[in-house]
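> Sharing run.cif, mmCIF, C-alpha atoms (C1' of nucleotides):
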```
data_model
loop_
_atom_site.label_atom_id
_atom_site.label_comp_id
_atom_site.auth_asym_id
_atom_site.auth_seq_id
_atom_site.Cartn_x
_atom_site.Cartn_y
_atom_site.Cartn_z
CA MET A 1 161.21 168.28 85.77
CA ASN A 2 163.55 170.49 83.79
CA ASP A 3 162.05 170.46 80.34
CA PRO A 4 164.18 172.90 78.36
CA HIS A 5 161.06 173.99 76.45
CA GLU A 6 159.32 174.97 79.65
CA ASN A 7 160.11 178.43 80.92
CA SER A 8 159.43 179.76 84.38
CA SER A 9 156.00 181.19 83.47
CA ASP A 10 154.95 177.77 82.18
CA ALA A 11 156.02 176.06 85.39
CA LEU A 12 154.27 178.63 87.56
CA LEU A 13 151.04 178.18 85.59
CA LYS A 14 150.54 174.56 86.61
CA LEU A 15 147.92 173.71 89.21
CA GLU A 16 150.59 171.91 91.21
CA SER A 17 152.67 175.08 91.54
CA GLN A 18 149.89 177.18 92.96
CA LEU A 19 149.43 178.26 96.54
CA CYS A 20 145.89 179.35 95.80
CA PHE A 21 144.58 175.88 95.01
CA PRO A 22 145.57 174.06 98.21
CA LEU A 23 144.28 177.07 100.13
CA TYR A 24 140.96 176.98 98.28
CA ALA A 25 140.63 173.20 98.47
CA ALA A 26 141.76 172.86 102.09
CA SER A 27 139.27 175.53 103.10
CA ARG A 28 136.42 173.66 101.43
CA MET A 29 137.49 170.27 102.75
CA LEU A 30 137.82 171.62 106.28
CA THR A 31 134.34 173.09 106.03
CA LYS A 32 133.17 169.67 104.89
CA ALA A 33 134.85 168.09 107.91
CA TYR A 34 132.76 170.36 110.15
CA GLN A 35 129.59 169.32 108.35
CA PRO A 36 128.53 166.29 110.41
CA TYR A 37 129.00 168.18 113.67
CA LEU A 38 127.24 171.31 112.42
CA GLN A 39 124.44 169.42 110.75
CA ALA A 40 123.58 167.84 114.09
CA LEU A 41 122.90 171.40 115.32
CA ASP A 42 121.14 172.45 112.08
CA LEU A 43 123.97 174.94 111.45
CA THR A 44 125.95 175.88 108.37
CA TYR A 45 129.62 176.76 108.58
CA PRO A 46 129.28 180.56 108.17
CA GLN A 47 126.40 180.52 110.66
CA TYR A 48 128.76 178.76 113.09
CA LEU A 49 131.28 181.58 112.62
CA VAL A 50 128.57 184.12 113.48
CA PHE A 51 127.83 182.14 116.63
CA LEU A 52 131.51 182.04 117.64
CA LEU A 53 131.38 185.84 117.69
CA LEU A 54 127.99 186.13 119.39
CA TRP A 55 128.96 183.66 122.09
CA GLU A 56 131.84 186.00 122.84
CA HIS A 57 130.00 189.31 122.50
CA GLU A 58 126.24 188.77 122.86
CA GLU A 59 125.52 191.87 120.76
CA LEU A 60 127.17 193.10 117.55
CA THR A 61 126.09 195.27 114.64
CA VAL A 62 125.99 193.85 111.12
CA LYS A 63 128.91 196.13 110.32
CA GLU A 64 130.98 194.70 113.17
CA LEU A 65 130.18 191.14 112.16
CA GLY A 66 131.15 192.01 108.60
CA GLU A 67 134.45 193.51 109.68
CA LYS A 68 135.36 190.54 111.82
CA LEU A 69 134.31 187.88 109.30
CA LEU A 70 135.26 189.87 106.19
CA LEU A 71 131.78 189.40 104.80
CA ASP A 72 129.49 192.09 103.41
CA SER A 73 125.79 192.72 103.95
CA GLY A 74 124.91 190.93 100.73
CA THR A 75 126.05 187.74 102.41
CA LEU A 76 125.20 188.53 106.01
CA THR A 77 121.69 189.96 105.69
CA PRO A 78 120.01 186.82 104.29
CA LEU A 79 122.16 184.56 106.52
CA LEU A 80 121.16 186.50 109.63
CA LYS A 81 117.52 186.49 108.57
CA ARG A 82 117.61 182.69 108.41
CA MET A 83 119.20 182.60 111.87
CA GLU A 84 116.52 185.00 113.14
CA GLN A 85 113.79 182.69 111.78
CA LYS A 86 115.18 179.91 113.95
CA GLN A 87 115.01 182.32 116.92
CA TRP A 88 118.74 182.06 117.54
CA LEU A 89 119.17 185.82 117.39
CA SER A 90 117.25 189.07 116.96
CA ARG A 91 117.77 191.87 114.45
CA ARG A 92 116.73 195.39 115.34
CA ARG A 93 117.76 198.89 114.37
CA ASP A 94 119.95 200.78 116.79
CA PRO A 95 117.65 203.50 118.26
CA ARG A 96 120.62 205.86 118.51
CA ASP A 97 121.62 205.36 114.88
CA GLU A 98 118.90 203.91 112.72
CA ARG A 99 121.39 203.02 110.01
CA SER A 100 122.86 200.24 112.14
CA VAL A 101 121.26 196.87 112.78
CA ILE A 102 122.07 195.24 116.09
CA ILE A 103 122.30 191.47 116.16
CA ARG A 104 121.61 190.07 119.58
CA LEU A 105 122.03 186.50 120.78
CA GLU A 106 118.71 185.00 121.94
CA VAL A 107 118.03 182.18 124.38
CA ALA A 108 117.97 179.39 121.82
CA GLY A 109 121.23 180.64 120.34
CA ARG A 110 122.88 180.82 123.74
CA ALA A 111 121.75 177.27 124.46
CA LEU A 112 123.47 176.00 121.31
CA ARG A 113 126.81 176.92 122.81
CA GLU A 114 126.79 173.93 125.14
CA GLN A 115 126.28 171.57 122.25
CA ALA A 116 128.93 173.24 120.12
CA CYS A 117 131.68 173.75 122.65
CA HIS A 118 133.42 170.45 121.93
CA ILE A 119 133.46 170.84 118.15
CA PRO A 120 136.94 172.45 118.01
CA GLU A 121 138.50 169.56 119.92
CA GLN A 122 136.77 167.03 117.71
CA LEU A 123 137.99 168.75 114.57
CA LEU A 124 141.56 168.71 115.80
CA GLY A 125 141.44 164.98 115.34
CA HIS A 126 140.49 165.25 111.68
CA MET A 127 143.46 167.48 110.99
CA GLY A 128 145.96 165.06 112.50
CA MET A 129 148.44 167.78 113.42
CA THR A 130 150.53 168.44 116.47
CA LYS A 131 149.72 171.55 118.47
CA GLU A 132 152.92 173.08 117.11
CA GLU A 133 152.00 172.43 113.47
CA PHE A 134 148.54 173.78 114.16
CA GLU A 135 149.86 177.00 115.66
CA ALA A 136 152.50 177.45 112.95
CA LEU A 137 149.93 177.11 110.19
CA ARG A 138 147.49 179.38 111.96
CA THR A 139 150.14 182.07 112.34
CA GLN A 140 151.18 181.86 108.70
CA LEU A 141 147.61 182.04 107.49
CA ASN A 142 146.90 185.03 109.70
CA THR A 143 150.00 186.75 108.32
CA LEU A 144 148.90 186.04 104.75
CA LEU A 145 145.41 187.23 105.60
CA THR A 146 146.76 190.52 106.92
CA LYS A 147 148.74 191.06 103.74
CA LEU A 148 145.70 190.37 101.57
CA CYS A 149 143.48 192.88 103.41
CA MET B 1 144.46 185.86 129.11
CA ASN B 2 144.09 183.37 131.94
CA ASP B 3 140.59 183.97 133.18
CA PRO B 4 140.05 181.34 135.88
CA HIS B 5 136.39 181.04 134.82
CA GLU B 6 137.39 180.18 131.28
CA ASN B 7 138.11 176.54 130.65
CA SER B 8 139.92 175.08 127.66
CA SER B 9 136.71 174.45 125.70
CA ASP B 10 135.77 178.11 126.11
CA ALA B 11 139.14 179.29 124.83
CA LEU B 12 139.04 176.95 121.85
CA LEU B 13 135.58 178.19 120.91
CA LYS B 14 136.72 181.74 120.18
CA LEU B 15 137.06 182.86 116.58
CA GLU B 16 140.64 183.90 117.31
CA SER B 17 141.62 180.38 118.32
CA GLN B 18 140.39 178.76 115.14
CA LEU B 19 142.48 177.49 112.26
CA CYS B 20 139.38 177.19 110.12
CA PHE B 21 138.64 180.91 110.01
CA PRO B 22 141.97 182.22 108.70
CA LEU B 23 141.91 179.37 106.19
CA TYR B 24 138.40 180.28 105.07
CA ALA B 25 139.08 184.02 105.03
CA ALA B 26 142.51 183.82 103.39
CA SER B 27 141.07 181.63 100.67
CA ARG B 28 138.35 184.16 99.90
CA MET B 29 140.70 187.13 100.09
CA LEU B 30 143.21 185.44 97.79
CA THR B 31 140.44 184.73 95.30
CA LYS B 32 139.52 188.40 95.54
CA ALA B 33 143.14 189.35 94.83
CA TYR B 34 142.93 187.34 91.58
CA GLN B 35 139.73 189.15 90.60
CA PRO B 36 141.15 192.14 88.68
CA TYR B 37 143.46 189.91 86.63
CA LEU B 38 140.78 187.32 85.92
CA GLN B 39 138.08 189.88 85.21
CA ALA B 40 140.26 191.29 82.44
CA LEU B 41 140.00 187.86 80.80
CA ASP B 42 136.29 187.45 81.63
CA LEU B 43 137.19 184.52 83.90
CA THR B 44 136.05 183.48 87.36
CA TYR B 45 138.47 181.86 89.79
CA PRO B 46 137.16 178.27 89.49
CA GLN B 47 137.10 178.66 85.71
CA TYR B 48 140.76 179.69 85.92
CA LEU B 49 141.51 176.47 87.82
CA VAL B 50 139.83 174.46 85.05
CA PHE B 51 142.05 176.25 82.54
CA LEU B 52 145.21 175.53 84.52
CA LEU B 53 144.40 171.84 84.07
CA LEU B 54 143.34 172.07 80.42
CA TRP B 55 146.45 174.05 79.49
CA GLU B 56 148.42 171.13 80.86
CA HIS B 57 146.28 168.31 79.49
CA GLU B 58 144.18 169.55 76.57
CA GLU B 59 141.55 166.86 77.20
CA LEU B 60 140.07 165.64 80.47
CA THR B 61 136.80 164.02 81.50
CA VAL B 62 134.44 165.73 83.94
CA LYS B 63 135.31 162.97 86.38
CA GLU B 64 139.05 163.70 86.08
CA LEU B 65 138.50 167.42 86.52
CA GLY B 66 136.38 166.69 89.56
CA GLU B 67 139.03 164.46 91.09
CA LYS B 68 141.79 167.00 90.56
CA LEU B 69 139.80 170.02 91.74
CA LEU B 70 137.78 168.17 94.39
CA LEU B 71 134.56 169.44 92.84
CA ASP B 72 131.49 167.44 91.90
CA SER B 73 129.33 167.51 88.80
CA GLY B 74 126.78 169.74 90.51
CA THR B 75 129.40 172.47 90.45
CA LEU B 76 131.29 171.52 87.30
CA THR B 77 128.45 170.85 84.85
CA PRO B 78 127.00 174.39 84.86
CA LEU B 79 130.46 175.96 85.10
CA LEU B 80 131.68 173.98 82.08
CA LYS B 81 128.52 174.82 80.15
CA ARG B 82 129.24 178.50 80.65
CA MET B 83 132.79 177.97 79.45
CA GLU B 84 131.50 176.06 76.43
CA GLN B 85 129.19 178.96 75.55
CA LYS B 86 132.25 181.20 75.34
CA GLN B 87 133.80 178.62 72.99
CA TRP B 88 136.73 178.07 75.30
CA LEU B 89 136.15 174.33 75.38
CA SER B 90 133.94 171.57 74.00
CA ARG B 91 131.88 168.98 75.85
CA ARG B 92 131.16 165.68 74.18
CA ARG B 93 130.40 162.14 75.30
CA ASP B 94 133.23 159.64 75.05
CA PRO B 95 132.24 157.34 72.13
CA ARG B 96 133.90 154.42 73.92
CA ASP B 97 131.99 155.04 77.15
CA GLU B 98 128.92 157.18 76.77
CA ARG B 99 128.75 157.78 80.52
CA SER B 100 131.85 160.01 80.39
CA VAL B 101 131.92 163.57 79.08
CA ILE B 102 135.21 164.68 77.55
CA ILE B 103 136.17 168.32 78.03
CA ARG B 104 138.51 169.51 75.29
CA LEU B 105 140.37 172.80 75.10
CA GLU B 106 139.34 174.82 72.04
CA VAL B 107 141.25 177.49 70.10
CA ALA B 108 139.90 180.45 72.06
CA GLY B 109 140.71 178.70 75.32
CA ARG B 110 144.23 177.89 74.20
CA ALA B 111 144.72 181.53 73.21
CA LEU B 112 143.82 182.71 76.72
CA ARG B 113 146.92 181.02 78.03
CA GLU B 114 149.20 183.73 76.68
CA GLN B 115 147.24 186.40 78.51
CA ALA B 116 147.09 184.41 81.74
CA CYS B 117 150.64 183.15 81.97
CA HIS B 118 151.91 186.08 84.01
CA ILE B 119 149.11 186.03 86.57
CA PRO B 120 150.97 183.77 89.05
CA GLU B 121 153.96 186.12 89.14
CA GLN B 122 151.73 189.13 89.61
CA LEU B 123 149.91 187.47 92.49
CA LEU B 124 153.16 186.69 94.25
CA GLY B 125 153.49 190.41 94.78
CA HIS B 126 150.17 190.65 96.56
CA MET B 127 151.15 187.94 99.01
CA GLY B 128 154.37 189.66 99.99
CA MET B 129 156.14 186.45 100.92
CA THR B 130 159.61 185.13 100.26
CA LYS B 131 159.90 182.08 98.03
CA GLU B 132 160.73 180.06 101.14
CA GLU B 133 157.63 181.19 103.03
CA PHE B 134 155.54 180.52 99.94
CA GLU B 135 156.87 176.96 99.59
CA ALA B 136 156.56 176.24 103.30
CA LEU B 137 152.93 177.33 103.38
CA ARG B 138 152.14 175.44 100.18
CA THR B 139 153.61 172.25 101.61
CA GLN B 140 151.73 172.57 104.88
CA LEU B 141 148.44 173.23 103.10
CA ASN B 142 148.97 170.24 100.82
CA THR B 143 149.68 168.09 103.87
CA LEU B 144 146.51 169.30 105.57
CA LEU B 145 144.58 168.77 102.37
CA THR B 146 145.76 165.17 102.14
CA LYS B 147 144.67 164.52 105.71
CA LEU B 148 141.25 166.00 105.06
CA CYS B 149 140.58 163.82 101.98
"C1'" DC C 1 120.35 225.47 109.33
"C1'" DT C 2 120.63 223.35 104.60
"C1'" DG C 3 122.40 220.91 100.72
"C1'" DA C 4 126.04 217.61 99.73
"C1'" DA C 5 128.75 213.83 101.12
"C1'" DT C 6 129.18 209.71 103.85
"C1'" DT C 7 127.74 205.66 106.26
"C1'" DT C 8 125.03 201.61 106.74
"C1'" DA C 9 121.86 197.81 105.29
"C1'" DA C 10 119.08 195.90 102.04
"C1'" DT C 11 118.32 194.35 97.44
"C1'" DT C 12 119.40 192.33 92.95
"C1'" DG C 13 121.67 189.34 89.93
"C1'" DC C 14 125.07 185.97 88.99
"C1'" DA C 15 128.25 182.18 89.98
"C1'" DC C 16 129.73 178.90 92.72
"C1'" DA C 17 129.43 174.67 96.27
"C1'" DC C 18 127.29 170.70 97.64
"C1'" DA C 19 123.77 167.20 99.27
"C1'" DA C 20 120.42 164.38 97.29
"C1'" DT C 21 118.08 162.41 93.54
"C1'" DT C 22 117.61 160.80 88.79
"C1'" DA C 23 118.78 158.55 84.59
"C1'" DA C 24 121.56 156.46 81.31
"C1'" DA C 25 125.44 153.43 80.18
"C1'" DC C 26 128.28 149.95 81.44
"C1'" DA C 27 129.90 145.85 84.21
"C1'" DT C 28 129.11 141.64 86.69
"C1'" DT C 29 127.16 137.56 88.03
"C1'" DG C 30 124.58 133.62 88.12
"C1'" DC D 1 121.84 136.62 78.26
"C1'" DA D 2 119.02 138.62 81.83
"C1'" DA D 3 118.84 140.65 86.34
"C1'" DT D 4 121.45 143.29 89.41
"C1'" DG D 5 124.70 146.46 90.73
"C1'" DT D 6 128.02 150.21 89.68
"C1'" DT D 7 129.68 154.29 87.46
"C1'" DT D 8 129.09 158.74 85.52
"C1'" DA D 9 126.72 163.21 84.58
"C1'" DA D 10 122.90 165.89 84.97
"C1'" DT D 11 119.37 167.96 87.71
"C1'" DT D 12 117.22 170.10 91.75
"C1'" DG D 13 117.14 172.82 95.75
"C1'" DT D 14 119.39 175.45 99.34
"C1'" DG D 15 122.92 178.48 101.06
"C1'" DT D 16 126.56 181.18 100.56
"C1'" DG D 17 129.83 185.00 98.35
"C1'" DC D 18 130.21 189.21 96.14
"C1'" DA D 19 129.75 193.23 92.82
"C1'" DA D 20 126.66 196.81 91.95
"C1'" DT D 21 122.81 199.52 93.00
"C1'" DT D 22 119.39 201.59 96.01
"C1'" DA D 23 117.59 203.92 99.98
"C1'" DA D 24 117.52 205.73 104.42
"C1'" DA D 25 119.92 208.00 108.22
"C1'" DT D 26 123.59 210.70 109.70
"C1'" DT D 27 127.37 213.90 109.31
"C1'" DC D 28 129.67 217.70 107.44
"C1'" DA D 29 130.59 222.16 105.09
"C1'" DG D 30 129.42 226.51 104.18
#
```
Mind turning this structure into structure tokens?

Amino acid sequence: MNDPHENSSDALLKLESQLCFPLYAASRMLTKAYQPYLQALDLTYPQYLVFLLLWEHEELTVKELGEKLLLDSGTLTPLLKRMEQKQWLSRRRDPRDERSVIIRLEVAGRALREQACHIPEQLLGHMGMTKEEFEALRTQLNTLLTKLC
Amino acid sequence: MNDPHENSSDALLKLESQLCFPLYAASRMLTKAYQPYLQALDLTYPQYLVFLLLWEHEELTVKELGEKLLLDSGTLTPLLKRMEQKQWLSRRRDPRDERSVIIRLEVAGRALREQACHIPEQLLGHMGMTKEEFEALRTQLNTLLTKLC
DNA sequence: CTGAATTTAATTGCACACAATTAAACATTG
DNA sequence: CAATGTTTAATTGTGTGCAATTAAATTCAG
């Protein structure tokens, strides 16, 4: 552990010492844990995040979605077009400001909510955490997120 | 906060209630924070992770890299080919088992270490956390990661 | 009111991620 | 040792992510 030839930069450069790797890996593995539930609804994980917002708001501009999800139009535009193809939502220009595109939840998208509403509970099981651990981690990640933005 | 029409499934279905979103977003934002440092070395973030392992081990099979990074050959093969093109590493079949491909750190890759070794310290600044907060979060993420694998 | 600056999406190009399939090398078993 | 099964990478196809550029609409300054 205390190799005299290893200085502090060496130790910090190991994969094991990183915060970034468990964050990166846990994010991907959690997405993978959602997979079976989302696949049953023909949804991808980022599409599910879009739905979480539309189920709350019904109507949002691309800009608003991007601000809330921290994604830009290069990611959102093709993703939303795929969701439009499945008739889950509509995309139309705002008549009052033609620069904006309004994303609106459509009937088929609203109907998906009923099938999705138990996903969070089911995922809790996969994480095997107490409610306290869950909340503590969520708070710390939100704090980190704020500092990184 | 306590809308009588909102049941527990409704509350859990909001983006704000999720653990997955801050995990997903913080992971991407942290990768973005690495960007300027990695770009200076012509590196992407997953390539940097491969280097962290090769600087420790010098030689690893694709399978070993995949196990440590939780990535499969569909991701690693093209990524490693790009790194080979830059002469950072070599890819050759193991003579004792032709199924395995051995990834070996080359001179140019070894030289990158000197330029990269201060990246972890520089990133610590961006996260604005105490060493204790850093360690606590790292431990919790590793625990979650274990449960998800 | 007009030219310049700003805002907003879309587009382009590149690099992951990952499921699913393929193919080659090796191991096992009868 | 031959047939079968397993392991390991590579390949294919789809869907993000994101930097950089483009283009249209709006706002702002003079």
> Taking all atoms listed in the file into account, which residues of chain C are within 9 Å of chain A, as a ChimeraX atom specification?
/C:7-11,17
> I need the chosen residues saved as a PDB file, keeping the file's coordinate frame, with C-alpha atoms (C1' of nucleotides).

```
ATOM      1  C1'  DT C   7     127.740 205.660 106.260  1.00  0.00           C
ATOM      2  C1'  DT C   8     125.030 201.610 106.740  1.00  0.00           C
ATOM      3  C1'  DA C   9     121.860 197.810 105.290  1.00  0.00           C
ATOM      4  C1'  DA C  10     119.080 195.900 102.040  1.00  0.00           C
ATOM      5  C1'  DT C  11     118.320 194.350  97.440  1.00  0.00           C
ATOM      6  C1'  DA C  17     129.430 174.670  96.270  1.00  0.00           C
TER       7       DA C  17
END
```
> Just so the selection is clear, what residues does the PyMOL selection byres ((chain A) within 8 of (chain B)) cover here, as JSON, numbers by chain?
{"A": [9, 10, 12, 13, 14, 15, 18, 19, 20, 21, 22, 23, 24, 25, 26, 27, 28, 29, 30, 31, 33, 49, 52, 53, 56, 69, 70, 117, 118, 120, 121, 126, 127, 128, 134, 137, 138, 140, 141, 142, 144, 145, 147, 148, 149]}
> Go ahead and dump the residues you just picked, C-alpha atoms, as a PDB file, in the frame of the given file.

```pdb
ATOM      1  CA  SER A   9     156.000 181.190  83.470  1.00  0.00           C
ATOM      2  CA  ASP A  10     154.950 177.770  82.180  1.00  0.00           C
ATOM      3  CA  LEU A  12     154.270 178.630  87.560  1.00  0.00           C
ATOM      4  CA  LEU A  13     151.040 178.180  85.590  1.00  0.00           C
ATOM      5  CA  LYS A  14     150.540 174.560  86.610  1.00  0.00           C
ATOM      6  CA  LEU A  15     147.920 173.710  89.210  1.00  0.00           C
ATOM      7  CA  GLN A  18     149.890 177.180  92.960  1.00  0.00           C
ATOM      8  CA  LEU A  19     149.430 178.260  96.540  1.00  0.00           C
ATOM      9  CA  CYS A  20     145.890 179.350  95.800  1.00  0.00           C
ATOM     10  CA  PHE A  21     144.580 175.880  95.010  1.00  0.00           C
ATOM     11  CA  PRO A  22     145.570 174.060  98.210  1.00  0.00           C
ATOM     12  CA  LEU A  23     144.280 177.070 100.130  1.00  0.00           C
ATOM     13  CA  TYR A  24     140.960 176.980  98.280  1.00  0.00           C
ATOM     14  CA  ALA A  25     140.630 173.200  98.470  1.00  0.00           C
ATOM     15  CA  ALA A  26     141.760 172.860 102.090  1.00  0.00           C
ATOM     16  CA  SER A  27     139.270 175.530 103.100  1.00  0.00           C
ATOM     17  CA  ARG A  28     136.420 173.660 101.430  1.00  0.00           C
ATOM     18  CA  MET A  29     137.490 170.270 102.750  1.00  0.00           C
ATOM     19  CA  LEU A  30     137.820 171.620 106.280  1.00  0.00           C
ATOM     20  CA  THR A  31     134.340 173.090 106.030  1.00  0.00           C
ATOM     21  CA  ALA A  33     134.850 168.090 107.910  1.00  0.00           C
ATOM     22  CA  LEU A  49     131.280 181.580 112.620  1.00  0.00           C
ATOM     23  CA  LEU A  52     131.510 182.040 117.640  1.00  0.00           C
ATOM     24  CA  LEU A  53     131.380 185.840 117.690  1.00  0.00           C
ATOM     25  CA  GLU A  56     131.840 186.000 122.840  1.00  0.00           C
ATOM     26  CA  LEU A  69     134.310 187.880 109.300  1.00  0.00           C
ATOM     27  CA  LEU A  70     135.260 189.870 106.190  1.00  0.00           C
ATOM     28  CA  CYS A 117     131.680 173.750 122.650  1.00  0.00           C
ATOM     29  CA  HIS A 118     133.420 170.450 121.930  1.00  0.00           C
ATOM     30  CA  PRO A 120     136.940 172.450 118.010  1.00  0.00           C
ATOM     31  CA  GLU A 121     138.500 169.560 119.920  1.00  0.00           C
ATOM     32  CA  HIS A 126     140.490 165.250 111.680  1.00  0.00           C
ATOM     33  CA  MET A 127     143.460 167.480 110.990  1.00  0.00           C
ATOM     34  CA  GLY A 128     145.960 165.060 112.500  1.00  0.00           C
ATOM     35  CA  PHE A 134     148.540 173.780 114.160  1.00  0.00           C
ATOM     36  CA  LEU A 137     149.930 177.110 110.190  1.00  0.00           C
ATOM     37  CA  ARG A 138     147.490 179.380 111.960  1.00  0.00           C
ATOM     38  CA  GLN A 140     151.180 181.860 108.700  1.00  0.00           C
ATOM     39  CA  LEU A 141     147.610 182.040 107.490  1.00  0.00           C
ATOM     40  CA  ASN A 142     146.900 185.030 109.700  1.00  0.00           C
ATOM     41  CA  LEU A 144     148.900 186.040 104.750  1.00  0.00           C
ATOM     42  CA  LEU A 145     145.410 187.230 105.600  1.00  0.00           C
ATOM     43  CA  LYS A 147     148.740 191.060 103.740  1.00  0.00           C
ATOM     44  CA  LEU A 148     145.700 190.370 101.570  1.00  0.00           C
ATOM     45  CA  CYS A 149     143.480 192.880 103.410  1.00  0.00           C
TER      46      CYS A 149
END
```
> Could you give me, as a Markdown table, every chain D residue with an atom at most 12 Å from chain B, plus its closest atom pair and distance in Å to one decimal, counting only C-alpha atoms (C1' of nucleotides), rows ordered by chain then number?

```
| residue | atom | partner | partner_atom | distance |
| --- | --- | --- | --- | --- |
| D:DT6 | C1' | B:Arg99 | CA | 11.9 |
| D:DT7 | C1' | B:Arg99 | CA | 7.8 |
| D:DT8 | C1' | B:Arg99 | CA | 5.1 |
| D:DA9 | C1' | B:Ser73 | CA | 6.6 |
| D:DA10 | C1' | B:Thr77 | CA | 7.4 |
| D:DT11 | C1' | B:Gly74 | CA | 8.1 |
| D:DT12 | C1' | B:Gly74 | CA | 9.6 |
| D:DG13 | C1' | B:Gly74 | CA | 11.4 |
| D:DG17 | C1' | B:Arg28 | CA | 8.7 |
| D:DC18 | C1' | B:Lys32 | CA | 9.4 |
| D:DA19 | C1' | B:Gln35 | CA | 11.0 |
```
> Quick one, how far is atom CA of Thr44 of chain B from atom C1' of DA15 of chain C?
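We find that atom CA of Thr44 of chain B and atom C1' of DA15 of chain C lie 8.3 Å from each other.
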> If I take atom CA of Leu38 of chain B and atom CA of Leu89 of chain B, how far is one from the other in Å, to one decimal?
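Between atom CA of Leu38 of chain B and atom CA of Leu89 of chain B the gap works out to 17.4 Å.
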> Any idea what the distance is between atom C1' of DT6 of chain C and atom CA of Arg93 of chain A?
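Taking atom C1' of DT6 of chain C and atom CA of Arg93 of chain A, their separation equals 18.9 Å.
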> Report as a list of chain:residue names the residues that result from applying the PyMOL selection byres ((chain B and resi 104-111) around 9) to the structure here.
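Those residues are B:Phe51, B:Leu54, B:Trp55, B:His57, B:Glu58, B:Glu59, B:Leu60, B:Thr61, B:Met83, B:Lys86, B:Gln87, B:Trp88, B:Leu89, B:Ser90, B:Arg91, B:Arg92, B:Ile102, B:Ile103, B:Leu112, B:Arg113, B:Glu114, B:Gln115.
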> Taking 6 positions as the minimum chain separation for residues in the same chain, which residues sit within 12 Å of DT28 of chain C when counting all atoms listed in the file? Answer as a PyMOL selection string.
chain D and resi 2-6
> Mind listing as a list in words all residues within 12 Å of (120.5, 222.8, 101.1), counting all atoms listed in the file?
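Collected hits near the coordinates: DC1, DT2, DG3 and DA4 of chain C; DA29 and DG30 of chain D.
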> Those same residues - C-alpha atoms (C1' of nucleotides) - I'd like them written as a compact mmCIF listing (two decimals), keeping the file's coordinate frame.

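Output file out.txt follows:
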```txt
# COMPACT_ATOMS: atom_id res chain seq x y z
C1' DC C 1 120.35 225.47 109.33
C1' DT C 2 120.63 223.35 104.60
C1' DG C 3 122.40 220.91 100.72
C1' DA C 4 126.04 217.61 99.73
C1' DA D 29 130.59 222.16 105.09
C1' DG D 30 129.42 226.51 104.18
```
> Generate the coordinates of N, CA and C atoms for segment 89-101 of chain B; report them as a PDB file, in the coordinates of the input.

```pdb
ATOM      1  N   LEU B  89     135.976 175.775  75.332  1.00  0.00           N
ATOM      2  CA  LEU B  89     136.150 174.330  75.380  1.00  0.00           C
ATOM      3  C   LEU B  89     134.928 173.654  74.773  1.00  0.00           C
ATOM      4  N   SER B  90     135.073 172.357  74.508  1.00  0.00           N
ATOM      5  CA  SER B  90     133.940 171.570  74.000  1.00  0.00           C
ATOM      6  C   SER B  90     133.605 170.479  75.000  1.00  0.00           C
ATOM      7  N   ARG B  91     132.359 170.076  75.008  1.00  0.00           N
ATOM      8  CA  ARG B  91     131.880 168.980  75.850  1.00  0.00           C
ATOM      9  C   ARG B  91     131.251 167.945  74.946  1.00  0.00           C
ATOM     10  N   ARG B  92     131.801 166.733  74.966  1.00  0.00           N
ATOM     11  CA  ARG B  92     131.160 165.680  74.180  1.00  0.00           C
ATOM     12  C   ARG B  92     131.297 164.339  74.900  1.00  0.00           C
ATOM     13  N   ARG B  93     130.340 163.466  74.683  1.00  0.00           N
ATOM     14  CA  ARG B  93     130.400 162.140  75.300  1.00  0.00           C
ATOM     15  C   ARG B  93     131.569 161.353  74.701  1.00  0.00           C
ATOM     16  N   ASP B  94     132.185 160.554  75.522  1.00  0.00           N
ATOM     17  CA  ASP B  94     133.230 159.640  75.050  1.00  0.00           C
ATOM     18  C   ASP B  94     132.548 158.535  74.248  1.00  0.00           C
ATOM     19  N   PRO B  95     132.894 158.364  72.949  1.00  0.00           N
ATOM     20  CA  PRO B  95     132.240 157.340  72.130  1.00  0.00           C
ATOM     21  C   PRO B  95     132.465 155.935  72.687  1.00  0.00           C
ATOM     22  N   ARG B  96     133.585 155.748  73.393  1.00  0.00           N
ATOM     23  CA  ARG B  96     133.900 154.420  73.920  1.00  0.00           C
ATOM     24  C   ARG B  96     133.233 154.146  75.266  1.00  0.00           C
ATOM     25  N   ASP B  97     132.727 155.205  75.898  1.00  0.00           N
ATOM     26  CA  ASP B  97     131.990 155.040  77.150  1.00  0.00           C
ATOM     27  C   ASP B  97     131.074 156.247  77.299  1.00  0.00           C
ATOM     28  N   GLU B  98     129.867 156.071  76.864  1.00  0.00           N
ATOM     29  CA  GLU B  98     128.920 157.180  76.770  1.00  0.00           C
ATOM     30  C   GLU B  98     128.570 157.792  78.135  1.00  0.00           C
ATOM     31  N   ARG B  99     129.001 157.166  79.211  1.00  0.00           N
ATOM     32  CA  ARG B  99     128.750 157.780  80.520  1.00  0.00           C
ATOM     33  C   ARG B  99     129.654 158.988  80.733  1.00  0.00           C
ATOM     34  N   SER B 100     130.873 158.931  80.173  1.00  0.00           N
ATOM     35  CA  SER B 100     131.850 160.010  80.390  1.00  0.00           C
ATOM     36  C   SER B 100     131.651 161.173  79.437  1.00  0.00           C
ATOM     37  N   VAL B 101     131.924 162.372  79.928  1.00  0.00           N
ATOM     38  CA  VAL B 101     131.920 163.570  79.080  1.00  0.00           C
ATOM     39  C   VAL B 101     133.352 164.081  78.993  1.00  0.00           C
TER      40      VAL B 101
END
```
